[in-house]
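Structure data (compact mmCIF, C-alpha atoms and all ligand atoms) from protein27.txt:
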# COMPACT_ATOMS: atom_id res chain seq x y z
CA MET A 1 -27.07 10.30 -4.73
CA ALA A 2 -23.34 10.42 -5.31
CA CYS A 3 -21.35 7.73 -3.57
CA LEU A 4 -19.18 9.43 -0.96
CA LYS A 5 -15.67 8.06 -0.71
CA LYS A 6 -14.17 7.57 2.73
CA GLY A 7 -11.85 10.32 3.91
CA LEU A 8 -8.26 9.97 5.07
CA LEU A 9 -8.95 9.75 8.80
CA GLU A 10 -11.71 7.20 8.36
CA ARG A 11 -9.44 5.06 6.19
CA LEU A 12 -6.61 5.32 8.73
CA SER A 13 -8.93 4.32 11.57
CA GLU A 14 -9.94 1.22 9.61
CA GLY A 15 -6.54 0.11 8.38
CA VAL A 16 -3.53 1.05 6.34
CA VAL A 17 -3.38 3.71 3.64
CA VAL A 18 -0.89 3.29 0.79
CA GLY A 19 0.64 6.52 -0.49
CA ASP A 20 2.06 7.20 -3.93
CA GLY A 21 5.71 7.58 -4.92
CA SER A 22 8.26 9.72 -6.68
CA PHE A 23 7.09 12.50 -8.95
CA ILE A 24 9.64 15.20 -9.71
CA LEU A 25 12.65 12.86 -9.99
CA THR A 26 10.70 10.36 -12.04
CA MET A 27 9.33 13.03 -14.37
CA GLU A 28 12.87 14.32 -14.88
CA LYS A 29 14.08 10.81 -15.77
CA ARG A 30 11.22 10.47 -18.23
CA GLY A 31 12.06 13.77 -19.90
CA TYR A 32 9.33 16.02 -18.52
CA ALA A 33 11.12 18.09 -15.86
CA THR A 34 14.41 19.91 -15.47
CA ALA A 35 17.07 18.76 -13.02
CA GLY A 36 18.16 21.58 -10.77
CA ALA A 37 14.92 23.50 -11.21
CA TRP A 38 12.74 20.58 -9.98
CA THR A 39 9.53 22.44 -10.77
CA PRO A 40 6.31 20.93 -12.17
CA GLU A 41 5.69 22.88 -15.39
CA ALA A 42 4.78 19.50 -16.95
CA CYS A 43 1.28 19.87 -15.45
CA ILE A 44 0.65 22.36 -18.26
CA LEU A 45 3.29 21.45 -20.85
CA HIS A 46 2.91 17.64 -20.70
CA PRO A 47 -0.37 16.78 -18.95
CA ASP A 48 -0.51 13.28 -20.45
CA ALA A 49 2.80 12.42 -18.81
CA VAL A 50 1.53 13.61 -15.41
CA ARG A 51 -1.74 11.76 -15.85
CA GLN A 52 0.10 8.58 -16.78
CA LEU A 53 2.36 8.60 -13.71
CA HIS A 54 -0.65 9.20 -11.43
CA ARG A 55 -2.40 6.31 -13.14
CA GLU A 56 0.58 3.98 -12.66
CA PHE A 57 0.62 4.69 -8.92
CA LEU A 58 -3.14 4.15 -8.76
CA ARG A 59 -2.97 0.85 -10.66
CA ASN A 60 -0.21 -0.34 -8.36
CA GLY A 61 -2.17 0.24 -5.18
CA ALA A 62 -1.89 3.90 -4.14
CA ASP A 63 -4.88 5.12 -2.13
CA VAL A 64 -3.67 8.70 -2.40
CA LEU A 65 -2.57 10.78 -5.37
CA GLN A 66 -0.55 13.84 -4.41
CA THR A 67 -0.87 16.91 -6.58
CA PHE A 68 2.29 17.50 -8.61
CA THR A 69 2.87 20.90 -7.04
CA PHE A 70 6.35 20.35 -5.60
CA PHE A 71 8.29 23.59 -5.24
CA CYS A 72 5.71 25.47 -7.28
CA SER A 73 5.64 29.08 -6.19
CA ASP A 74 6.23 32.11 -8.37
CA GLU A 75 9.32 32.77 -6.29
CA GLN A 76 10.72 29.32 -7.07
CA LEU A 77 9.70 29.39 -10.73
CA ALA A 78 11.39 32.73 -11.26
CA HIS A 79 14.41 31.87 -9.14
CA VAL A 80 15.31 28.55 -10.69
CA SER A 81 14.28 28.81 -14.27
CA ASP A 82 16.09 32.02 -15.12
CA GLY A 83 13.09 33.70 -16.64
CA ILE A 84 12.17 30.85 -19.00
CA ASN A 85 8.76 30.50 -17.39
CA ASN A 86 7.98 34.17 -17.84
CA LYS A 87 8.43 33.68 -21.57
CA ARG A 88 6.14 30.68 -21.44
CA ASN A 89 3.53 32.64 -19.52
CA LEU A 90 3.44 30.03 -16.78
CA THR A 91 2.48 31.03 -13.27
CA ALA A 92 2.48 29.03 -10.06
CA ASP A 93 -1.29 29.40 -9.76
CA GLY A 94 -1.81 28.14 -13.30
CA ILE A 95 0.47 25.14 -12.79
CA ASN A 96 -0.98 24.29 -9.40
CA ALA A 97 -4.55 24.50 -10.72
CA ALA A 98 -3.68 22.13 -13.56
CA ALA A 99 -1.98 19.81 -11.05
CA VAL A 100 -5.13 19.54 -8.93
CA ASP A 101 -7.29 18.88 -12.00
CA LEU A 102 -4.99 16.09 -13.19
CA ALA A 103 -4.81 14.37 -9.81
CA LYS A 104 -8.59 14.59 -9.34
CA GLU A 105 -9.26 13.26 -12.81
CA VAL A 106 -7.14 10.13 -12.30
CA ALA A 107 -8.15 9.63 -8.64
CA GLN A 108 -11.76 9.15 -9.61
CA GLU A 109 -10.78 6.21 -11.81
CA GLY A 110 -10.06 4.26 -8.62
CA GLY A 111 -11.66 6.03 -5.67
CA ALA A 112 -8.33 7.44 -4.51
CA LEU A 113 -7.93 10.49 -2.29
CA VAL A 114 -6.30 13.66 -3.58
CA ALA A 115 -3.72 15.29 -1.35
CA GLY A 116 -2.87 18.94 -1.94
CA SER A 117 0.89 18.98 -1.58
CA VAL A 118 2.39 22.00 0.20
CA SER A 119 6.11 22.86 0.00
CA PRO A 120 8.29 25.08 2.21
CA VAL A 121 9.35 28.58 1.23
CA SER A 122 12.97 29.42 0.37
CA GLN A 123 15.61 30.17 3.00
CA VAL A 124 15.46 33.84 2.03
CA SER A 125 11.69 33.97 2.53
CA PHE A 126 11.94 32.10 5.83
CA GLY A 127 14.24 34.86 7.06
CA LYS A 128 11.44 37.37 6.45
CA GLY A 129 9.45 35.97 9.35
CA LYS A 130 6.18 34.32 10.26
CA LYS A 131 3.70 36.68 8.63
CA TYR A 132 5.54 36.73 5.32
CA CYS A 133 5.77 32.91 5.26
CA GLN A 134 2.15 32.37 6.27
CA ASP A 135 1.00 34.69 3.49
CA ALA A 136 3.08 32.60 1.07
CA PHE A 137 1.49 29.38 2.37
CA ARG A 138 -2.00 30.88 2.08
CA GLN A 139 -1.18 31.72 -1.52
CA GLN A 140 -0.26 28.05 -2.17
CA LEU A 141 -3.43 26.93 -0.39
CA THR A 142 -5.84 29.11 -2.36
CA ILE A 143 -5.97 26.70 -5.29
CA PHE A 144 -6.55 23.68 -3.03
CA LYS A 145 -9.31 25.55 -1.25
CA ASP A 146 -10.99 26.70 -4.47
CA LYS A 147 -10.79 23.41 -6.31
CA GLY A 148 -11.25 21.12 -3.31
CA VAL A 149 -8.87 18.37 -2.21
CA ASP A 150 -9.46 15.53 0.25
CA PHE A 151 -6.64 16.54 2.57
CA LEU A 152 -3.48 18.61 2.68
CA LEU A 153 0.02 17.23 2.94
CA GLY A 154 3.06 19.28 3.93
CA GLU A 155 6.40 17.84 2.84
CA PHE A 156 10.13 18.68 2.84
CA PHE A 157 10.02 21.13 5.78
CA ASN A 158 13.38 20.69 7.51
CA ASN A 159 12.72 23.24 10.26
CA VAL A 160 9.94 22.58 12.75
CA THR A 161 9.18 26.26 13.28
CA GLU A 162 8.37 26.66 9.59
CA ALA A 163 6.35 23.44 9.79
CA GLU A 164 4.23 24.93 12.60
CA TRP A 165 3.66 28.12 10.63
CA ALA A 166 2.54 26.10 7.62
CA ILE A 167 0.25 23.80 9.63
CA GLU A 168 -1.47 26.79 11.25
CA THR A 169 -2.46 28.04 7.80
CA MET A 170 -3.34 24.57 6.48
CA VAL A 171 -5.90 23.90 9.23
CA GLU A 172 -7.75 27.04 8.13
CA VAL A 173 -8.74 25.22 4.91
CA GLY A 174 -10.96 22.83 6.86
CA VAL A 175 -9.72 19.45 5.57
CA PRO A 176 -7.43 17.01 7.44
CA VAL A 177 -3.76 17.96 7.57
CA ALA A 178 -0.94 15.45 7.25
CA PHE A 179 2.60 16.66 7.67
CA THR A 180 5.99 15.08 7.13
CA MET A 181 9.48 16.40 7.67
CA PRO A 182 12.69 15.01 6.16
CA LEU A 183 14.26 13.97 9.46
CA PRO A 184 17.25 11.85 10.41
CA PRO A 185 17.26 10.49 13.99
CA SER A 186 19.42 13.47 15.04
CA GLY A 187 16.50 15.88 14.55
CA ASP A 188 15.66 18.81 12.30
CA ILE A 189 18.18 21.09 10.63
CA LEU A 190 18.61 23.10 13.84
CA GLY A 191 18.87 19.99 16.00
CA VAL A 192 15.34 20.00 17.46
CA SER A 193 14.71 16.37 18.40
CA VAL A 194 12.54 14.16 16.22
CA ALA A 195 10.21 13.52 19.15
CA GLU A 196 9.74 17.25 19.74
CA CYS A 197 9.13 17.84 16.01
CA ALA A 198 6.36 15.20 16.05
CA VAL A 199 4.70 16.67 19.14
CA ARG A 200 4.89 20.23 17.82
CA MET A 201 3.45 19.26 14.42
CA ALA A 202 0.58 17.43 16.14
CA LYS A 203 -0.10 20.29 18.55
CA ALA A 204 -0.13 22.77 15.65
CA GLY A 205 -3.02 20.80 14.18
CA ALA A 206 -1.68 17.92 12.03
CA SER A 207 -3.74 14.72 12.31
CA VAL A 208 -0.99 12.65 10.71
CA VAL A 209 2.73 13.24 11.20
CA GLY A 210 5.83 11.52 9.93
CA VAL A 211 8.95 11.68 7.83
CA ASN A 212 9.55 11.86 4.10
CA CYS A 213 12.38 11.94 1.58
CA ILE A 214 16.15 12.37 1.88
CA TYR A 215 16.83 9.17 3.87
CA ASP A 216 16.24 5.52 3.07
CA PRO A 217 13.64 3.31 4.75
CA ALA A 218 16.05 2.06 7.43
CA ILE A 219 16.99 5.54 8.65
CA SER A 220 13.45 6.89 8.19
CA LEU A 221 12.02 4.14 10.37
CA LYS A 222 14.55 4.93 13.11
CA SER A 223 13.15 8.47 13.09
CA ILE A 224 9.59 7.17 13.08
CA ALA A 225 10.31 5.07 16.18
CA LEU A 226 11.50 8.24 17.95
CA MET A 227 8.38 10.10 16.82
CA LYS A 228 6.15 7.34 18.09
CA LYS A 229 7.81 7.41 21.52
CA GLY A 230 7.57 11.21 21.67
CA LEU A 231 3.88 11.24 20.81
CA GLU A 232 3.12 8.49 23.33
CA GLU A 233 4.96 10.33 26.09
CA ALA A 234 2.99 13.48 25.26
CA GLY A 235 -0.27 11.51 25.42
CA LEU A 236 -1.06 12.20 21.74
CA GLU A 237 -2.75 9.67 19.47
CA THR A 238 -1.64 11.12 16.15
CA TYR A 239 -1.39 8.83 13.12
CA LEU A 240 2.10 8.13 11.78
CA MET A 241 3.15 8.21 8.14
CA VAL A 242 6.38 7.43 6.32
CA GLN A 243 7.41 8.15 2.73
CA PRO A 244 11.17 7.51 2.49
CA LEU A 245 13.59 7.64 -0.41
CA GLY A 246 13.67 4.82 -2.93
CA TYR A 247 17.44 4.64 -2.54
CA HIS A 248 19.79 3.14 0.03
CA THR A 249 21.57 5.86 1.97
CA GLN A 250 22.93 4.11 5.06
CA ASP A 251 26.38 5.58 4.49
CA PRO A 252 28.32 6.51 7.63
CA GLY A 253 27.43 10.02 8.73
CA ILE A 254 24.26 10.30 6.70
CA GLU A 255 22.18 10.15 9.87
CA LYS A 256 23.40 13.61 10.73
CA TYR A 257 21.50 16.31 8.89
CA ARG A 258 22.94 15.70 5.42
CA THR A 259 20.45 15.03 2.69
CA TYR A 260 20.94 12.47 -0.05
CA ALA A 261 21.66 15.41 -2.34
CA ALA A 262 25.02 15.51 -0.57
CA LEU A 263 25.94 12.12 -2.05
CA PRO A 264 28.46 12.34 -4.93
CA SER A 265 26.16 10.18 -7.05
CA TRP A 266 23.11 12.46 -6.71
CA PRO A 267 21.18 12.96 -8.92
CA PHE A 268 22.43 11.21 -12.09
CA ALA A 269 24.12 8.07 -10.81
CA MET A 270 21.75 6.89 -8.10
CA GLU A 271 20.55 3.73 -9.86
CA PRO A 272 22.93 1.29 -8.12
CA ARG A 273 21.42 2.48 -4.81
CA ALA A 274 17.82 1.86 -5.88
CA LEU A 275 15.66 -0.23 -3.57
CA THR A 276 14.53 -3.57 -4.93
CA ARG A 277 10.94 -4.58 -4.52
CA ILE A 278 12.13 -7.04 -1.90
CA ASP A 279 13.59 -4.17 0.12
CA VAL A 280 10.21 -2.46 -0.12
CA HIS A 281 8.32 -5.56 1.05
CA ARG A 282 10.54 -5.62 4.14
CA PHE A 283 10.12 -1.88 4.67
CA ALA A 284 6.32 -2.04 4.40
CA ARG A 285 6.14 -4.89 6.92
CA GLU A 286 8.48 -3.18 9.36
CA ALA A 287 6.62 0.14 9.09
CA TYR A 288 3.28 -1.56 9.63
CA GLU A 289 4.55 -3.46 12.67
CA LEU A 290 5.90 -0.22 14.10
CA GLY A 291 2.35 1.12 13.95
CA VAL A 292 2.64 3.32 10.86
CA ARG A 293 -0.68 3.45 9.04
CA TYR A 294 0.17 5.68 6.07
CA ILE A 295 2.95 4.08 4.05
CA GLY A 296 4.23 5.37 0.73
CA GLY A 297 7.41 6.62 -0.89
CA CYS A 298 9.21 9.76 -2.01
CA CYS A 299 11.95 10.37 -4.57
CA GLY A 300 13.03 7.15 -6.28
CA PHE A 301 9.86 5.24 -5.33
CA GLU A 302 8.59 4.04 -8.68
CA PRO A 303 5.16 2.48 -9.34
CA HIS A 304 6.50 -1.07 -8.87
CA HIS A 305 7.70 -0.10 -5.40
CA ILE A 306 4.19 1.05 -4.50
CA LYS A 307 2.93 -2.27 -5.80
CA ALA A 308 5.33 -4.01 -3.39
CA ILE A 309 3.80 -2.10 -0.43
CA ALA A 310 0.26 -2.94 -1.54
CA GLU A 311 1.11 -6.62 -2.13
CA GLU A 312 2.96 -6.96 1.19
CA LEU A 313 -0.04 -5.55 3.07
CA ALA A 314 -2.70 -7.21 0.90
CA GLU A 315 -4.00 -9.33 3.76
CA GLU A 316 -4.33 -6.37 6.12
CA ARG A 317 -6.01 -4.34 3.36
CA GLY A 318 -8.22 -7.16 2.15
CA ARG A 319 -7.20 -6.61 -1.45
CA LEU A 320 -4.36 -6.71 -3.92
CA PRO A 321 -3.53 -3.69 -6.07
CA PRO A 322 -5.44 -3.52 -9.39
CA SER A 323 -2.28 -4.39 -11.35
CA ALA A 324 -1.47 -7.55 -9.37
CA PRO A 325 -2.11 -10.97 -10.88
CA VAL A 326 -4.36 -13.36 -9.00
CA GLY A 327 -2.54 -14.46 -5.86
CA GLY A 328 0.10 -11.74 -6.20
CA SER A 329 3.29 -11.26 -8.16
CA TRP A 330 5.41 -14.10 -6.75
CA LYS A 331 2.70 -16.62 -7.43
CA SER A 332 2.28 -15.49 -11.02
CA LEU A 333 5.86 -16.56 -11.72
CA GLY A 334 4.51 -20.11 -11.50
CA LEU A 335 2.79 -19.46 -14.83
CA SER A 336 6.17 -19.61 -16.51
CA HIS A 337 7.43 -22.83 -18.09
CA ILE A 338 10.99 -21.73 -17.35
CA LYS A 339 12.28 -23.50 -14.29
CA TYR A 340 14.40 -20.66 -13.03
CA CYS A 341 11.24 -18.62 -12.89
CA SER A 342 8.93 -21.15 -11.33
CA LYS A 343 11.35 -21.80 -8.46
CA LYS A 344 10.87 -18.23 -7.32
CA THR A 345 7.20 -18.35 -6.46
CA ASN A 346 7.66 -17.99 -2.72
CA TRP A 347 8.81 -15.37 -0.27
CA GLU A 348 11.51 -17.66 1.16
CA TYR A 349 13.42 -17.49 -2.11
CA TRP A 350 13.32 -13.70 -2.21
CA GLU A 351 13.92 -13.33 1.50
CA ASN A 352 17.25 -15.14 1.21
CA LEU A 353 18.38 -13.42 -1.97
CA LYS A 354 21.37 -11.11 -1.88
CA PRO A 355 20.93 -8.89 -4.94
CA THR A 356 24.09 -8.00 -6.82
CA THR A 357 24.93 -4.91 -8.79
CA GLY A 358 24.87 -6.20 -12.35
CA ARG A 359 28.41 -5.03 -12.91
CA GLU A 360 31.16 -7.15 -14.47
CA LEU A 361 32.00 -9.01 -11.29
CA ASP A 362 28.40 -9.97 -10.75
CA ALA A 363 27.58 -13.67 -10.59
CA PHE A 364 24.95 -15.55 -12.55
CA THR A 365 21.98 -16.98 -10.77
CA GLU A 366 22.38 -20.60 -9.75
CA PHE A 367 19.34 -21.48 -11.86
CA MET A 368 20.63 -21.81 -15.40
CA PRO A 369 18.34 -22.33 -18.41
CA ASP A 370 19.17 -26.05 -18.60
CA ASP A 371 18.57 -26.59 -14.89
ZN ZN B 401 11.61 13.14 -2.14
Would you write out, as structure tokens, the structure that this file holds?
Ligand SMILES: [Zn+2]
Amino acid sequence: MACLKKGLLERLSEGVVVGDGSFILTMEKRGYATAGAWTPEACILHPDAVRQLHREFLRNGADVLQTFTFFCSDEQLAHVSDGINNKRNLTADGINAAAVDLAKEVAQEGGALVAGSVSPVSQVSFGKGKKYCQDAFRQQLTIFKDKGVDFLLGEFFNNVTEAEWAIETMVEVGVPVAFTMPLPPSGDILGVSVAECAVRMAKAGASVVGVNCIYDPAISLKSIALMKKGLEEAGLETYLMVQPLGYHTQDPGIEKYRTYAALPSWPFAMEPRALTRIDVHRFAREAYELGVRYIGGCCGFEPHHIKAIAEELAEERGRLPPSAPVGGSWKSLGLSHIKYCSKKTNWEYWENLKPTTGRELDAFTEFMPDD
């Protein structure tokens, strides 16, 4: 008899689930996606590249692999790629089917869950009303239904009404529904409070609710705290999840509804804002202590960041990620004969570190080679 893997809700009831990280931004940096279009043609054009990124998240501790289906509708493909995809004979259904196959193939290498990733419709389509939008969501869901995924995950919905419409169609598929919105503490794009968004997503049928993308961990966790309070006051016991940006965005004003795409440095000069692994260790601990049980990342969260989540929560999870050395990454530094490496084998060192930018005014570490 086939060994049945535990589902999302069972895993959440037993402990913490580690999500995966950035896909579209990372694929663009690696040369397999187009900035501006942000569509996942690579599932068909470069399947090895998609497979490899899934595998890196899996090796670094992800319990979930999300299908690389971001923004993949015929409407989006036609709108953003100026007809190129028509010439290539690529359709949203074809890309999405390939995306599910790739995620499933790699997930079985490590017993991971596959999440069918559902994206919002365009502003123009949203204006056409509930029925039009729900038909569009059902179209996205057909592939997930036909091929089978472990659960569905809605992401990037900045309007809670559209989120409700999507969730109503997602529950029809018959697998658990997780749903995240990109929310600053001020609420959704129309100003609906974060607490109300959480309650409405849960009441529409989502078993897991939270925030993803467009804000850094610090701002995202402020929103999560508001969600938690809202759910408690409504008497709901819905699981919380968080998948923030892998970049620092605590700039003044960013907590209003302004995405990180509004930063002058987006998308080609974001590197100086990248989270360090130490930032991610702190984030994972803080999220866990807040009661979040599904912790992953969105744009900018590279495989080593996912490793930092899995290593930080190794005790709670009862295991290190497959890529981690015995005892974890800090401890492995002790294998080095170089003193300035071996002095860094403890959290206290990293906890007190103030990382610098690497620019010309940067200072050398106090541990020099002859130390
Ligand atoms: Zn993102």
Checklist entry - Between A:Leu333, A:Ala92, A:Ala269, A:Leu102, which is the closest to A:Val149 once you count all atoms listed in the file? => result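 Smallest separation from A:Val149 among the options: A:Leu102.
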If you take all atoms listed in the file and a cut-off of 12 Å, which residues of chain A touch ligand ZN 401 (chain B), and what are their nearest atom pairs and distances in Å to one decimal, in chain and number order, as a tab-separated table?
residue	atom	partner	partner_atom	distance
A:Asp20	CA	B:ZN401	ZN	11.4
A:Gly21	CA	B:ZN401	ZN	8.6
A:Ser22	CA	B:ZN401	ZN	6.6
A:Phe23	CA	B:ZN401	ZN	8.2
A:Ile24	CA	B:ZN401	ZN	8.1
A:Leu25	CA	B:ZN401	ZN	7.9
A:Thr26	CA	B:ZN401	ZN	10.3
A:Trp38	CA	B:ZN401	ZN	10.9
A:Phe70	CA	B:ZN401	ZN	9.6
A:Phe71	CA	B:ZN401	ZN	11.4
A:Ser119	CA	B:ZN401	ZN	11.4
A:Glu155	CA	B:ZN401	ZN	8.6
A:Phe156	CA	B:ZN401	ZN	7.6
A:Phe157	CA	B:ZN401	ZN	11.4
A:Thr180	CA	B:ZN401	ZN	11.0
A:Met181	CA	B:ZN401	ZN	10.6
A:Pro182	CA	B:ZN401	ZN	8.6
A:Leu183	CA	B:ZN401	ZN	11.9
A:Val211	CA	B:ZN401	ZN	10.4
A:Asn212	CA	B:ZN401	ZN	6.7
A:Cys213	CA	B:ZN401	ZN	4.0
A:Ile214	CA	B:ZN401	ZN	6.1
A:Tyr215	CA	B:ZN401	ZN	8.9
A:Asp216	CA	B:ZN401	ZN	10.3
A:Val242	CA	B:ZN401	ZN	11.5
A:Gln243	CA	B:ZN401	ZN	8.1
A:Pro244	CA	B:ZN401	ZN	7.3
A:Leu245	CA	B:ZN401	ZN	6.1
A:Gly246	CA	B:ZN401	ZN	8.6
A:Tyr247	CA	B:ZN401	ZN	10.3
A:Thr259	CA	B:ZN401	ZN	10.2
A:Tyr260	CA	B:ZN401	ZN	9.6
A:Ala261	CA	B:ZN401	ZN	10.3
A:Pro267	CA	B:ZN401	ZN	11.7
A:Gly296	CA	B:ZN401	ZN	11.1
A:Gly297	CA	B:ZN401	ZN	7.9
A:Cys298	CA	B:ZN401	ZN	4.1
A:Cys299	CA	B:ZN401	ZN	3.7
A:Gly300	CA	B:ZN401	ZN	7.4
A:Phe301	CA	B:ZN401	ZN	8.7
A:Glu302	CA	B:ZN401	ZN	11.6
Checklist entry - Between atom CA of A:Ser336 and atom CA of A:Phe57, what is the distance, to one decimal in Å? => result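 One can read the atom CA of A:Ser336 to atom CA of A:Phe57 distance as 26.1 Å.
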Next on the checklist: List as a PyMOL selection string the residues having at least one atom at most 10 Å from position (5.7, -8.2, 3.8) as given in the file, counting only C-alpha atoms.
Outcome noted: chain A and resi 278-288+308-315+347+351
Item to check | Contact residues around A:Thr161 with only C-alpha atoms at 10 Å, ignoring same-chain residues under 4 positions, as an MDAnalysis selection string | outcome: chainID A and resid 126 130 157 165:167 188 190 192 197 200:201
Item to check | Atom-to-atom span, atom CA of A:Lys29 and atom CA of A:Ala78, Å | outcome: 22.5 Å
Checklist entry - Which value, in Å to one decimal, gives the distance between atom CA of A:Lys5 and atom CA of A:Gly111? => result 6.7 Å
Skip A:Ser125 itself and residues of its chain fewer than 3 positions away, then list as a CSV table (one decimal) with C-alpha atoms, in the frame of the given file all residues within 12 Å of it, counting only C-alpha atoms.
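The result, stored in around.csv:
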chain,number,residue,atom,x,y,z
A,73,SER,CA,5.6,29.1,-6.2
A,75,GLU,CA,9.3,32.8,-6.3
A,76,GLN,CA,10.7,29.3,-7.1
A,120,PRO,CA,8.3,25.1,2.2
A,121,VAL,CA,9.4,28.6,1.2
A,122,SER,CA,13.0,29.4,0.4
A,128,LYS,CA,11.4,37.4,6.4
A,129,GLY,CA,9.4,36.0,9.4
A,130,LYS,CA,6.2,34.3,10.3
A,131,LYS,CA,3.7,36.7,8.6
A,132,TYR,CA,5.5,36.7,5.3
A,133,CYS,CA,5.8,32.9,5.3
A,134,GLN,CA,2.2,32.4,6.3
A,135,ASP,CA,1.0,34.7,3.5
A,136,ALA,CA,3.1,32.6,1.1
A,137,PHE,CA,1.5,29.4,2.4
A,162,GLU,CA,8.4,26.7,9.6
Item to check | Best match for closeness to A:Leu152 among A:Ser220, A:Thr67, A:Thr276, A:Ser342, counting all atoms listed in the file | outcome: A:Thr67
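Using only C-alpha atoms, the smallest distance between any of A:Gly36, A:Ala218, A:Tyr340, A:Arg55 and A:Trp266 comes from A:Gly36.
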Using all atoms of stretch 135-148 of chain A listed in the file and a margin of 6 Å per side, can you give the axis-aligned box centre and edge lengths in Å to one decimal, as JSON?
{"center_x": -4.1, "center_y": 27.9, "center_z": -1.4, "size_x": 26.3, "size_y": 25.6, "size_z": 21.8}
Next on the checklist: I need the residue nearest A:Arg317 from this list: A:Val17, A:Val175, A:Leu45, A:Met270. Use all atoms listed in the file for the distance.
Outcome noted: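 Checking each of A:Val17, A:Val175, A:Leu45, A:Met270 against A:Arg317, counting all atoms listed in the file, the winner is A:Val17.
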Checklist entry - Pick the closest to A:Gly61 from A:Ala107, A:Thr357, A:Arg273, A:Lys339: which is it, counting all atoms listed in the file? => result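 Residue with the minimum atom-to-atom distance to A:Gly61: A:Ala107.
Nearest to A:Thr345 of all the residues A:Gly328, A:Gly154, A:Met27, A:Ile44 is A:Gly328, based on all atoms listed in the file.
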Item to check | Spatial neighbours of A:Leu231, max dist 10 Å, all atoms listed in the file, sep filter under 2 positions, as a PyMOL selection string | outcome: chain A and resi 195-200+202+209+226-229+233-240
